[in-house]
>>> print(open('structure02.txt').read())   # compact mmCIF, N, CA and C atoms
# COMPACT_ATOMS: atom_id res chain seq x y z
N MET A 1 0.82 -1.19 0.00
CA MET A 1 0.00 0.00 0.00
C MET A 1 0.87 1.26 0.00
N THR A 2 1.96 1.23 0.75
CA THR A 2 2.85 2.38 0.83
C THR A 2 3.51 2.65 -0.52
N THR A 3 3.88 1.60 -1.24
CA THR A 3 4.49 1.80 -2.55
C THR A 3 3.53 2.43 -3.54
N ILE A 4 2.27 2.12 -3.44
CA ILE A 4 1.28 2.71 -4.34
C ILE A 4 1.15 4.21 -4.05
N VAL A 5 1.13 4.58 -2.78
CA VAL A 5 1.02 5.99 -2.40
C VAL A 5 2.28 6.74 -2.85
N LEU A 6 3.45 6.15 -2.63
CA LEU A 6 4.70 6.80 -3.05
C LEU A 6 4.76 6.95 -4.57
N ALA A 7 4.31 5.94 -5.28
CA ALA A 7 4.30 6.00 -6.73
C ALA A 7 3.34 7.09 -7.22
N ALA A 8 2.19 7.22 -6.56
CA ALA A 8 1.22 8.25 -6.93
C ALA A 8 1.77 9.64 -6.67
N GLN A 9 2.47 9.81 -5.54
CA GLN A 9 3.06 11.11 -5.22
C GLN A 9 4.16 11.47 -6.21
N ALA A 10 4.96 10.50 -6.61
CA ALA A 10 6.02 10.75 -7.58
C ALA A 10 5.43 11.15 -8.93
N ALA A 11 4.34 10.50 -9.30
CA ALA A 11 3.69 10.81 -10.57
C ALA A 11 3.12 12.23 -10.55
N GLN A 12 2.57 12.65 -9.43
CA GLN A 12 2.01 14.00 -9.33
C GLN A 12 3.10 15.05 -9.35
N GLY A 13 4.24 14.77 -8.78
CA GLY A 13 5.35 15.72 -8.77
C GLY A 13 5.85 16.00 -10.17
N GLY A 14 5.95 15.01 -11.01
CA GLY A 14 6.38 15.19 -12.40
C GLY A 14 5.30 15.83 -13.24
N ASN A 15 4.07 15.72 -12.83
CA ASN A 15 2.94 16.26 -13.57
C ASN A 15 2.98 17.78 -13.63
N GLY A 16 3.46 18.42 -12.56
CA GLY A 16 3.55 19.88 -12.54
C GLY A 16 4.53 20.39 -13.58
N MET A 17 5.65 19.70 -13.71
CA MET A 17 6.65 20.11 -14.70
C MET A 17 6.14 19.90 -16.12
N SER A 18 5.46 18.80 -16.35
CA SER A 18 4.93 18.55 -17.69
C SER A 18 3.83 19.54 -18.04
N MET A 19 3.09 20.01 -17.03
CA MET A 19 2.05 21.01 -17.27
C MET A 19 2.68 22.33 -17.71
N ILE A 20 3.78 22.71 -17.08
CA ILE A 20 4.48 23.94 -17.45
C ILE A 20 5.02 23.83 -18.87
N ILE A 21 5.60 22.68 -19.20
CA ILE A 21 6.11 22.46 -20.56
C ILE A 21 4.98 22.52 -21.57
N MET A 22 3.83 21.98 -21.22
CA MET A 22 2.67 21.99 -22.12
C MET A 22 2.18 23.42 -22.37
N ILE A 23 2.16 24.25 -21.33
CA ILE A 23 1.71 25.64 -21.48
C ILE A 23 2.70 26.43 -22.34
N VAL A 24 4.00 26.22 -22.10
CA VAL A 24 5.02 26.90 -22.91
C VAL A 24 4.91 26.47 -24.37
N ALA A 25 4.67 25.20 -24.61
CA ALA A 25 4.51 24.70 -25.98
C ALA A 25 3.28 25.33 -26.64
N MET A 26 2.20 25.48 -25.88
CA MET A 26 0.99 26.09 -26.42
C MET A 26 1.25 27.54 -26.85
N PHE A 27 1.96 28.29 -26.01
CA PHE A 27 2.27 29.67 -26.37
C PHE A 27 3.21 29.74 -27.57
N ALA A 28 4.15 28.82 -27.66
CA ALA A 28 5.05 28.80 -28.81
C ALA A 28 4.28 28.51 -30.10
N ILE A 29 3.38 27.56 -30.05
CA ILE A 29 2.56 27.22 -31.22
C ILE A 29 1.70 28.42 -31.61
N MET A 30 1.09 29.06 -30.62
CA MET A 30 0.24 30.22 -30.90
C MET A 30 1.07 31.35 -31.52
N TYR A 31 2.28 31.54 -31.05
CA TYR A 31 3.13 32.59 -31.60
C TYR A 31 3.47 32.31 -33.07
N PHE A 32 3.89 31.07 -33.36
CA PHE A 32 4.33 30.77 -34.72
C PHE A 32 3.19 30.63 -35.72
N PHE A 33 1.99 30.31 -35.27
CA PHE A 33 0.88 30.14 -36.21
C PHE A 33 -0.07 31.33 -36.26
N MET A 34 -0.04 32.22 -35.26
CA MET A 34 -0.98 33.33 -35.26
C MET A 34 -0.30 34.69 -35.23
N ILE A 35 0.55 34.91 -34.27
CA ILE A 35 1.11 36.24 -34.06
C ILE A 35 2.15 36.59 -35.11
N ARG A 36 3.07 35.71 -35.37
CA ARG A 36 4.17 35.99 -36.31
C ARG A 36 3.67 36.25 -37.74
N PRO A 37 2.74 35.43 -38.28
CA PRO A 37 2.24 35.74 -39.63
C PRO A 37 1.52 37.09 -39.71
N GLN A 38 0.80 37.46 -38.64
CA GLN A 38 0.13 38.76 -38.65
C GLN A 38 1.13 39.89 -38.65
N GLN A 39 2.22 39.73 -37.90
CA GLN A 39 3.26 40.75 -37.88
C GLN A 39 3.90 40.89 -39.26
N LYS A 40 4.16 39.77 -39.92
CA LYS A 40 4.76 39.81 -41.26
C LYS A 40 3.83 40.48 -42.25
N GLN A 41 2.54 40.16 -42.17
CA GLN A 41 1.56 40.77 -43.08
C GLN A 41 1.46 42.27 -42.82
N ARG A 42 1.48 42.68 -41.56
CA ARG A 42 1.40 44.10 -41.23
C ARG A 42 2.63 44.85 -41.76
N LYS A 43 3.81 44.23 -41.70
CA LYS A 43 5.02 44.85 -42.23
C LYS A 43 4.92 45.03 -43.75
N GLU A 44 4.35 44.02 -44.44
CA GLU A 44 4.18 44.12 -45.89
C GLU A 44 3.22 45.24 -46.25
N ILE A 45 2.13 45.37 -45.51
CA ILE A 45 1.15 46.43 -45.76
C ILE A 45 1.79 47.79 -45.52
N GLN A 46 2.56 47.91 -44.42
CA GLN A 46 3.24 49.17 -44.11
C GLN A 46 4.24 49.54 -45.20
N LYS A 47 4.96 48.55 -45.70
CA LYS A 47 5.93 48.79 -46.78
C LYS A 47 5.20 49.28 -48.04
N PHE A 48 4.05 48.66 -48.36
CA PHE A 48 3.27 49.08 -49.53
C PHE A 48 2.75 50.50 -49.35
N GLN A 49 2.24 50.82 -48.15
CA GLN A 49 1.71 52.16 -47.90
C GLN A 49 2.79 53.22 -48.04
N ASN A 50 4.00 52.90 -47.62
CA ASN A 50 5.09 53.87 -47.73
C ASN A 50 5.59 54.03 -49.16
N SER A 51 5.33 53.04 -50.02
CA SER A 51 5.80 53.12 -51.40
C SER A 51 4.71 53.55 -52.38
N LEU A 52 3.62 54.08 -51.88
CA LEU A 52 2.54 54.53 -52.77
C LEU A 52 3.01 55.65 -53.69
N THR A 53 2.58 55.58 -54.93
CA THR A 53 2.86 56.65 -55.89
C THR A 53 1.56 56.97 -56.62
N GLU A 54 1.53 58.11 -57.25
CA GLU A 54 0.34 58.51 -58.01
C GLU A 54 0.14 57.56 -59.19
N GLY A 55 -1.11 57.17 -59.41
CA GLY A 55 -1.44 56.26 -60.50
C GLY A 55 -1.47 54.79 -60.09
N THR A 56 -1.14 54.49 -58.85
CA THR A 56 -1.16 53.11 -58.38
C THR A 56 -2.59 52.65 -58.12
N PRO A 57 -3.01 51.54 -58.71
CA PRO A 57 -4.34 51.01 -58.39
C PRO A 57 -4.32 50.37 -57.01
N VAL A 58 -5.28 50.74 -56.15
CA VAL A 58 -5.28 50.27 -54.76
C VAL A 58 -6.65 49.78 -54.34
N VAL A 59 -6.66 49.07 -53.21
CA VAL A 59 -7.89 48.68 -52.52
C VAL A 59 -7.84 49.34 -51.16
N ILE A 60 -8.89 50.09 -50.81
CA ILE A 60 -8.90 50.74 -49.50
C ILE A 60 -9.76 49.95 -48.52
N GLY A 61 -9.76 50.37 -47.28
CA GLY A 61 -10.35 49.64 -46.17
C GLY A 61 -11.71 49.02 -46.40
N GLY A 62 -12.64 49.71 -46.97
CA GLY A 62 -13.99 49.17 -47.15
C GLY A 62 -14.13 48.26 -48.35
N GLY A 63 -13.03 47.93 -49.01
CA GLY A 63 -13.09 47.07 -50.18
C GLY A 63 -13.33 47.85 -51.45
N ILE A 64 -13.09 49.14 -51.41
CA ILE A 64 -13.30 50.00 -52.57
C ILE A 64 -12.03 50.04 -53.41
N TYR A 65 -12.18 49.80 -54.70
CA TYR A 65 -11.05 49.83 -55.63
C TYR A 65 -10.95 51.22 -56.22
N GLY A 66 -9.72 51.68 -56.42
CA GLY A 66 -9.52 52.99 -57.02
C GLY A 66 -8.08 53.18 -57.44
N THR A 67 -7.78 54.40 -57.86
CA THR A 67 -6.44 54.75 -58.30
C THR A 67 -5.97 55.97 -57.52
N VAL A 68 -4.74 55.92 -57.04
CA VAL A 68 -4.19 57.04 -56.27
C VAL A 68 -4.00 58.23 -57.21
N LYS A 69 -4.57 59.38 -56.82
CA LYS A 69 -4.44 60.60 -57.62
C LYS A 69 -3.44 61.57 -57.00
N ARG A 70 -3.43 61.67 -55.67
CA ARG A 70 -2.53 62.61 -55.02
C ARG A 70 -2.23 62.10 -53.62
N ILE A 71 -1.00 62.34 -53.17
CA ILE A 71 -0.58 61.93 -51.83
C ILE A 71 -0.12 63.18 -51.09
N ASP A 72 -0.72 63.43 -49.93
CA ASP A 72 -0.33 64.57 -49.10
C ASP A 72 0.43 64.03 -47.89
N LEU A 73 1.74 64.20 -47.90
CA LEU A 73 2.59 63.65 -46.84
C LEU A 73 2.45 64.43 -45.53
N THR A 74 2.05 65.70 -45.59
CA THR A 74 1.95 66.48 -44.36
C THR A 74 0.76 66.03 -43.51
N THR A 75 -0.36 65.70 -44.16
CA THR A 75 -1.54 65.24 -43.41
C THR A 75 -1.70 63.73 -43.44
N ASN A 76 -0.81 63.05 -44.16
CA ASN A 76 -0.85 61.58 -44.28
C ASN A 76 -2.16 61.11 -44.91
N GLN A 77 -2.63 61.85 -45.92
CA GLN A 77 -3.85 61.50 -46.62
C GLN A 77 -3.57 61.21 -48.08
N VAL A 78 -4.45 60.38 -48.65
CA VAL A 78 -4.33 59.98 -50.05
C VAL A 78 -5.66 60.27 -50.73
N GLU A 79 -5.60 60.87 -51.90
CA GLU A 79 -6.81 61.06 -52.69
C GLU A 79 -6.89 59.91 -53.69
N VAL A 80 -8.02 59.21 -53.66
CA VAL A 80 -8.22 58.03 -54.50
C VAL A 80 -9.41 58.27 -55.41
N GLU A 81 -9.20 58.07 -56.72
CA GLU A 81 -10.30 58.19 -57.68
C GLU A 81 -10.97 56.82 -57.80
N ILE A 82 -12.25 56.76 -57.39
CA ILE A 82 -12.96 55.47 -57.40
C ILE A 82 -13.84 55.31 -58.63
N ALA A 83 -14.14 56.41 -59.30
CA ALA A 83 -14.87 56.39 -60.57
C ALA A 83 -14.45 57.66 -61.31
N LYS A 84 -14.77 57.73 -62.57
CA LYS A 84 -14.35 58.89 -63.36
C LYS A 84 -14.94 60.16 -62.75
N GLY A 85 -14.04 61.02 -62.27
CA GLY A 85 -14.47 62.29 -61.67
C GLY A 85 -14.85 62.20 -60.20
N VAL A 86 -14.83 61.02 -59.60
CA VAL A 86 -15.18 60.87 -58.18
C VAL A 86 -13.90 60.57 -57.40
N VAL A 87 -13.48 61.55 -56.60
CA VAL A 87 -12.25 61.42 -55.83
C VAL A 87 -12.60 61.51 -54.35
N ILE A 88 -12.11 60.54 -53.59
CA ILE A 88 -12.30 60.56 -52.14
C ILE A 88 -10.95 60.70 -51.47
N ARG A 89 -10.97 61.27 -50.28
CA ARG A 89 -9.74 61.45 -49.52
C ARG A 89 -9.79 60.48 -48.33
N VAL A 90 -8.77 59.66 -48.19
CA VAL A 90 -8.69 58.69 -47.10
C VAL A 90 -7.32 58.80 -46.43
N ASP A 91 -7.24 58.30 -45.23
CA ASP A 91 -5.97 58.23 -44.53
C ASP A 91 -5.08 57.20 -45.21
N ARG A 92 -3.80 57.43 -45.22
CA ARG A 92 -2.88 56.51 -45.90
C ARG A 92 -2.97 55.10 -45.29
N ASN A 93 -3.25 55.01 -44.00
CA ASN A 93 -3.35 53.70 -43.34
C ASN A 93 -4.57 52.90 -43.78
N ALA A 94 -5.52 53.53 -44.48
CA ALA A 94 -6.70 52.82 -44.97
C ALA A 94 -6.43 52.08 -46.27
N VAL A 95 -5.29 52.35 -46.90
CA VAL A 95 -4.94 51.68 -48.16
C VAL A 95 -4.25 50.37 -47.81
N TYR A 96 -4.81 49.24 -48.31
CA TYR A 96 -4.31 47.93 -47.90
C TYR A 96 -3.56 47.16 -48.98
N LYS A 97 -4.05 47.20 -50.20
CA LYS A 97 -3.49 46.31 -51.22
C LYS A 97 -3.29 47.03 -52.54
N ASP A 98 -2.43 46.44 -53.33
CA ASP A 98 -2.25 46.86 -54.70
C ASP A 98 -3.32 46.14 -55.51
N ALA A 99 -4.25 46.88 -56.10
CA ALA A 99 -5.37 46.26 -56.83
C ALA A 99 -4.87 45.48 -58.05
N ALA A 100 -3.80 45.93 -58.66
CA ALA A 100 -3.26 45.22 -59.82
C ALA A 100 -2.75 43.84 -59.41
N ALA A 101 -2.12 43.76 -58.25
CA ALA A 101 -1.59 42.47 -57.76
C ALA A 101 -2.73 41.54 -57.35
N THR A 102 -3.82 42.07 -56.79
CA THR A 102 -4.92 41.21 -56.38
C THR A 102 -5.68 40.65 -57.57
N SER A 103 -5.82 41.42 -58.62
CA SER A 103 -6.56 40.91 -59.78
C SER A 103 -5.79 39.83 -60.53
N THR A 104 -4.46 39.85 -60.46
CA THR A 104 -3.68 38.82 -61.15
C THR A 104 -3.63 37.53 -60.35
N GLN A 105 -3.87 37.59 -59.04
CA GLN A 105 -3.84 36.37 -58.22
C GLN A 105 -5.12 35.56 -58.38
N ALA A 106 -6.21 36.18 -58.74
CA ALA A 106 -7.49 35.48 -58.83
C ALA A 106 -7.58 34.54 -59.98
>>> encode(input="structure02.txt", output="structure tokens")
Amino acid sequence: MTTIVLAAQAAQGGNGMSMIIMIVAMFAIMYFFMIRPQQKQRKEIQKFQNSLTEGTPVVIGGGIYGTVKRIDLTTNQVEVEIAKGVVIRVDRNAVYKDAAATSTQA
């Protein structure tokens, strides 16, 4: 009977360490499958936003396609023509994708 109790206590002692290893592994998996890809995607979007030029076809936040007409660096705003003669002004951070690159992927 004593050996069974000692064996059970030994098993419980090792269980705490394996639980810590399991939690660390869970956080590592979450980092590599969720957080890291989002950071990489955000860096790509930021790089694209910084390289905007006039005439670039873009997709803005609400899914609206248009062409960059003017970039105001002082206010960080971009004027986007969404139809002939219709120009809207949006924040540079609202521009997400190159519309030309998205249409070729489909």
>>> select_by_dssp(input="structure02.txt", residues="segment 54-88 of chain A", states="strand (DSSP E)", output="JSON, numbers by chain")
{"A": [57, 58, 59, 60, 65, 66, 67, 68, 69, 70, 71, 72, 77, 78, 79, 80, 81, 82, 83, 86, 87, 88]}
>>> residues_around(input="structure02.txt", residues="Tyr65 of chain A", least_positions_apart="2", cutoff="7 Å", atoms="only N, CA and C atoms", output="PyMOL selection string")
chain A and resi 57-60+62-63+67+81-83+99
>>> write_last_selection(input="structure02.txt", atoms="N, CA and C atoms", output="compact mmCIF listing (two decimals), in the frame of the given file")
# COMPACT_ATOMS: atom_id res chain seq x y z
N PRO A 57 -3.01 51.54 -58.71
CA PRO A 57 -4.34 51.01 -58.39
C PRO A 57 -4.32 50.37 -57.01
N VAL A 58 -5.28 50.74 -56.15
CA VAL A 58 -5.28 50.27 -54.76
C VAL A 58 -6.65 49.78 -54.34
N VAL A 59 -6.66 49.07 -53.21
CA VAL A 59 -7.89 48.68 -52.52
C VAL A 59 -7.84 49.34 -51.16
N ILE A 60 -8.89 50.09 -50.81
CA ILE A 60 -8.90 50.74 -49.50
C ILE A 60 -9.76 49.95 -48.52
N GLY A 62 -12.64 49.71 -46.97
CA GLY A 62 -13.99 49.17 -47.15
C GLY A 62 -14.13 48.26 -48.35
N GLY A 63 -13.03 47.93 -49.01
CA GLY A 63 -13.09 47.07 -50.18
C GLY A 63 -13.33 47.85 -51.45
N THR A 67 -7.78 54.40 -57.86
CA THR A 67 -6.44 54.75 -58.30
C THR A 67 -5.97 55.97 -57.52
N GLU A 81 -9.20 58.07 -56.72
CA GLU A 81 -10.30 58.19 -57.68
C GLU A 81 -10.97 56.82 -57.80
N ILE A 82 -12.25 56.76 -57.39
CA ILE A 82 -12.96 55.47 -57.40
C ILE A 82 -13.84 55.31 -58.63
N ALA A 83 -14.14 56.41 -59.30
CA ALA A 83 -14.87 56.39 -60.57
C ALA A 83 -14.45 57.66 -61.31
N ALA A 99 -4.25 46.88 -56.10
CA ALA A 99 -5.37 46.26 -56.83
C ALA A 99 -4.87 45.48 -58.05
>>> atom_distance(input="structure02.txt", atom1="atom N of Ser51 of chain A", atom2="atom C of Arg36 of chain A")
20.9 Å
>>> closest_residue(input="structure02.txt", among="A:Met34, A:Lys69, A:Ile23, A:Gly61", to="Gly85 of chain A", atoms="only C-alpha atoms")
A:Lys69
>>> select_by_dssp(input="structure02.txt", residues="segment 8-88 of chain A", states="helix (DSSP H, G or I)", output="MDAnalysis selection string")
chainID A and resid 8:50
>>> write_last_selection(input="structure02.txt", atoms="N, CA and C atoms", output="short mmCIF file (atom, residue, chain, number, x, y, z; two decimals), in the coordinates of the input")
data_model
loop_
_atom_site.label_atom_id
_atom_site.label_comp_id
_atom_site.auth_asym_id
_atom_site.auth_seq_id
_atom_site.Cartn_x
_atom_site.Cartn_y
_atom_site.Cartn_z
N ALA A 8 2.19 7.22 -6.56
CA ALA A 8 1.22 8.25 -6.93
C ALA A 8 1.77 9.64 -6.67
N GLN A 9 2.47 9.81 -5.54
CA GLN A 9 3.06 11.11 -5.22
C GLN A 9 4.16 11.47 -6.21
N ALA A 10 4.96 10.50 -6.61
CA ALA A 10 6.02 10.75 -7.58
C ALA A 10 5.43 11.15 -8.93
N ALA A 11 4.34 10.50 -9.30
CA ALA A 11 3.69 10.81 -10.57
C ALA A 11 3.12 12.23 -10.55
N GLN A 12 2.57 12.65 -9.43
CA GLN A 12 2.01 14.00 -9.33
C GLN A 12 3.10 15.05 -9.35
N GLY A 13 4.24 14.77 -8.78
CA GLY A 13 5.35 15.72 -8.77
C GLY A 13 5.85 16.00 -10.17
N GLY A 14 5.95 15.01 -11.01
CA GLY A 14 6.38 15.19 -12.40
C GLY A 14 5.30 15.83 -13.24
N ASN A 15 4.07 15.72 -12.83
CA ASN A 15 2.94 16.26 -13.57
C ASN A 15 2.98 17.78 -13.63
N GLY A 16 3.46 18.42 -12.56
CA GLY A 16 3.55 19.88 -12.54
C GLY A 16 4.53 20.39 -13.58
N MET A 17 5.65 19.70 -13.71
CA MET A 17 6.65 20.11 -14.70
C MET A 17 6.14 19.90 -16.12
N SER A 18 5.46 18.80 -16.35
CA SER A 18 4.93 18.55 -17.69
C SER A 18 3.83 19.54 -18.04
N MET A 19 3.09 20.01 -17.03
CA MET A 19 2.05 21.01 -17.27
C MET A 19 2.68 22.33 -17.71
N ILE A 20 3.78 22.71 -17.08
CA ILE A 20 4.48 23.94 -17.45
C ILE A 20 5.02 23.83 -18.87
N ILE A 21 5.60 22.68 -19.20
CA ILE A 21 6.11 22.46 -20.56
C ILE A 21 4.98 22.52 -21.57
N MET A 22 3.83 21.98 -21.22
CA MET A 22 2.67 21.99 -22.12
C MET A 22 2.18 23.42 -22.37
N ILE A 23 2.16 24.25 -21.33
CA ILE A 23 1.71 25.64 -21.48
C ILE A 23 2.70 26.43 -22.34
N VAL A 24 4.00 26.22 -22.10
CA VAL A 24 5.02 26.90 -22.91
C VAL A 24 4.91 26.47 -24.37
N ALA A 25 4.67 25.20 -24.61
CA ALA A 25 4.51 24.70 -25.98
C ALA A 25 3.28 25.33 -26.64
N MET A 26 2.20 25.48 -25.88
CA MET A 26 0.99 26.09 -26.42
C MET A 26 1.25 27.54 -26.85
N PHE A 27 1.96 28.29 -26.01
CA PHE A 27 2.27 29.67 -26.37
C PHE A 27 3.21 29.74 -27.57
N ALA A 28 4.15 28.82 -27.66
CA ALA A 28 5.05 28.80 -28.81
C ALA A 28 4.28 28.51 -30.10
N ILE A 29 3.38 27.56 -30.05
CA ILE A 29 2.56 27.22 -31.22
C ILE A 29 1.70 28.42 -31.61
N MET A 30 1.09 29.06 -30.62
CA MET A 30 0.24 30.22 -30.90
C MET A 30 1.07 31.35 -31.52
N TYR A 31 2.28 31.54 -31.05
CA TYR A 31 3.13 32.59 -31.60
C TYR A 31 3.47 32.31 -33.07
N PHE A 32 3.89 31.07 -33.36
CA PHE A 32 4.33 30.77 -34.72
C PHE A 32 3.19 30.63 -35.72
N PHE A 33 1.99 30.31 -35.27
CA PHE A 33 0.88 30.14 -36.21
C PHE A 33 -0.07 31.33 -36.26
N MET A 34 -0.04 32.22 -35.26
CA MET A 34 -0.98 33.33 -35.26
C MET A 34 -0.30 34.69 -35.23
N ILE A 35 0.55 34.91 -34.27
CA ILE A 35 1.11 36.24 -34.06
C ILE A 35 2.15 36.59 -35.11
N ARG A 36 3.07 35.71 -35.37
CA ARG A 36 4.17 35.99 -36.31
C ARG A 36 3.67 36.25 -37.74
N PRO A 37 2.74 35.43 -38.28
CA PRO A 37 2.24 35.74 -39.63
C PRO A 37 1.52 37.09 -39.71
N GLN A 38 0.80 37.46 -38.64
CA GLN A 38 0.13 38.76 -38.65
C GLN A 38 1.13 39.89 -38.65
N GLN A 39 2.22 39.73 -37.90
CA GLN A 39 3.26 40.75 -37.88
C GLN A 39 3.90 40.89 -39.26
N LYS A 40 4.16 39.77 -39.92
CA LYS A 40 4.76 39.81 -41.26
C LYS A 40 3.83 40.48 -42.25
N GLN A 41 2.54 40.16 -42.17
CA GLN A 41 1.56 40.77 -43.08
C GLN A 41 1.46 42.27 -42.82
N ARG A 42 1.48 42.68 -41.56
CA ARG A 42 1.40 44.10 -41.23
C ARG A 42 2.63 44.85 -41.76
N LYS A 43 3.81 44.23 -41.70
CA LYS A 43 5.02 44.85 -42.23
C LYS A 43 4.92 45.03 -43.75
N GLU A 44 4.35 44.02 -44.44
CA GLU A 44 4.18 44.12 -45.89
C GLU A 44 3.22 45.24 -46.25
N ILE A 45 2.13 45.37 -45.51
CA ILE A 45 1.15 46.43 -45.76
C ILE A 45 1.79 47.79 -45.52
N GLN A 46 2.56 47.91 -44.42
CA GLN A 46 3.24 49.17 -44.11
C GLN A 46 4.24 49.54 -45.20
N LYS A 47 4.96 48.55 -45.70
CA LYS A 47 5.93 48.79 -46.78
C LYS A 47 5.20 49.28 -48.04
N PHE A 48 4.05 48.66 -48.36
CA PHE A 48 3.27 49.08 -49.53
C PHE A 48 2.75 50.50 -49.35
N GLN A 49 2.24 50.82 -48.15
CA GLN A 49 1.71 52.16 -47.90
C GLN A 49 2.79 53.22 -48.04
N ASN A 50 4.00 52.90 -47.62
CA ASN A 50 5.09 53.87 -47.73
C ASN A 50 5.59 54.03 -49.16
#
>>> axis_aligned_box(input="structure02.txt", around="segment 41-52 of chain A", padding_each_side="6 Å", output="lines of an AutoDock Vina configuration file")
center_x = 3.5
center_y = 47.9
center_z = -47.5
size_x = 16.8
size_y = 27.5
size_z = 24.5
>>> residues_around(input="structure02.txt", residues="Gln49 of chain A", least_positions_apart="2", cutoff="9 Å", atoms="only C-alpha atoms", output="short mmCIF file (atom, residue, chain, number, x, y, z; two decimals) with N, CA and C atoms, in the coordinates of the input")
data_model
loop_
_atom_site.label_atom_id
_atom_site.label_comp_id
_atom_site.auth_asym_id
_atom_site.auth_seq_id
_atom_site.Cartn_x
_atom_site.Cartn_y
_atom_site.Cartn_z
N GLU A 44 4.35 44.02 -44.44
CA GLU A 44 4.18 44.12 -45.89
C GLU A 44 3.22 45.24 -46.25
N ILE A 45 2.13 45.37 -45.51
CA ILE A 45 1.15 46.43 -45.76
C ILE A 45 1.79 47.79 -45.52
N GLN A 46 2.56 47.91 -44.42
CA GLN A 46 3.24 49.17 -44.11
C GLN A 46 4.24 49.54 -45.20
N LYS A 47 4.96 48.55 -45.70
CA LYS A 47 5.93 48.79 -46.78
C LYS A 47 5.20 49.28 -48.04
N SER A 51 5.33 53.04 -50.02
CA SER A 51 5.80 53.12 -51.40
C SER A 51 4.71 53.55 -52.38
N LEU A 52 3.62 54.08 -51.88
CA LEU A 52 2.54 54.53 -52.77
C LEU A 52 3.01 55.65 -53.69
N ARG A 92 -3.80 57.43 -45.22
CA ARG A 92 -2.88 56.51 -45.90
C ARG A 92 -2.97 55.10 -45.29
N ASN A 93 -3.25 55.01 -44.00
CA ASN A 93 -3.35 53.70 -43.34
C ASN A 93 -4.57 52.90 -43.78
N ALA A 94 -5.52 53.53 -44.48
CA ALA A 94 -6.70 52.82 -44.97
C ALA A 94 -6.43 52.08 -46.27
N VAL A 95 -5.29 52.35 -46.90
CA VAL A 95 -4.94 51.68 -48.16
C VAL A 95 -4.25 50.37 -47.81
N TYR A 96 -4.81 49.24 -48.31
CA TYR A 96 -4.31 47.93 -47.90
C TYR A 96 -3.56 47.16 -48.98
N LYS A 97 -4.05 47.20 -50.20
CA LYS A 97 -3.49 46.31 -51.22
C LYS A 97 -3.29 47.03 -52.54
#
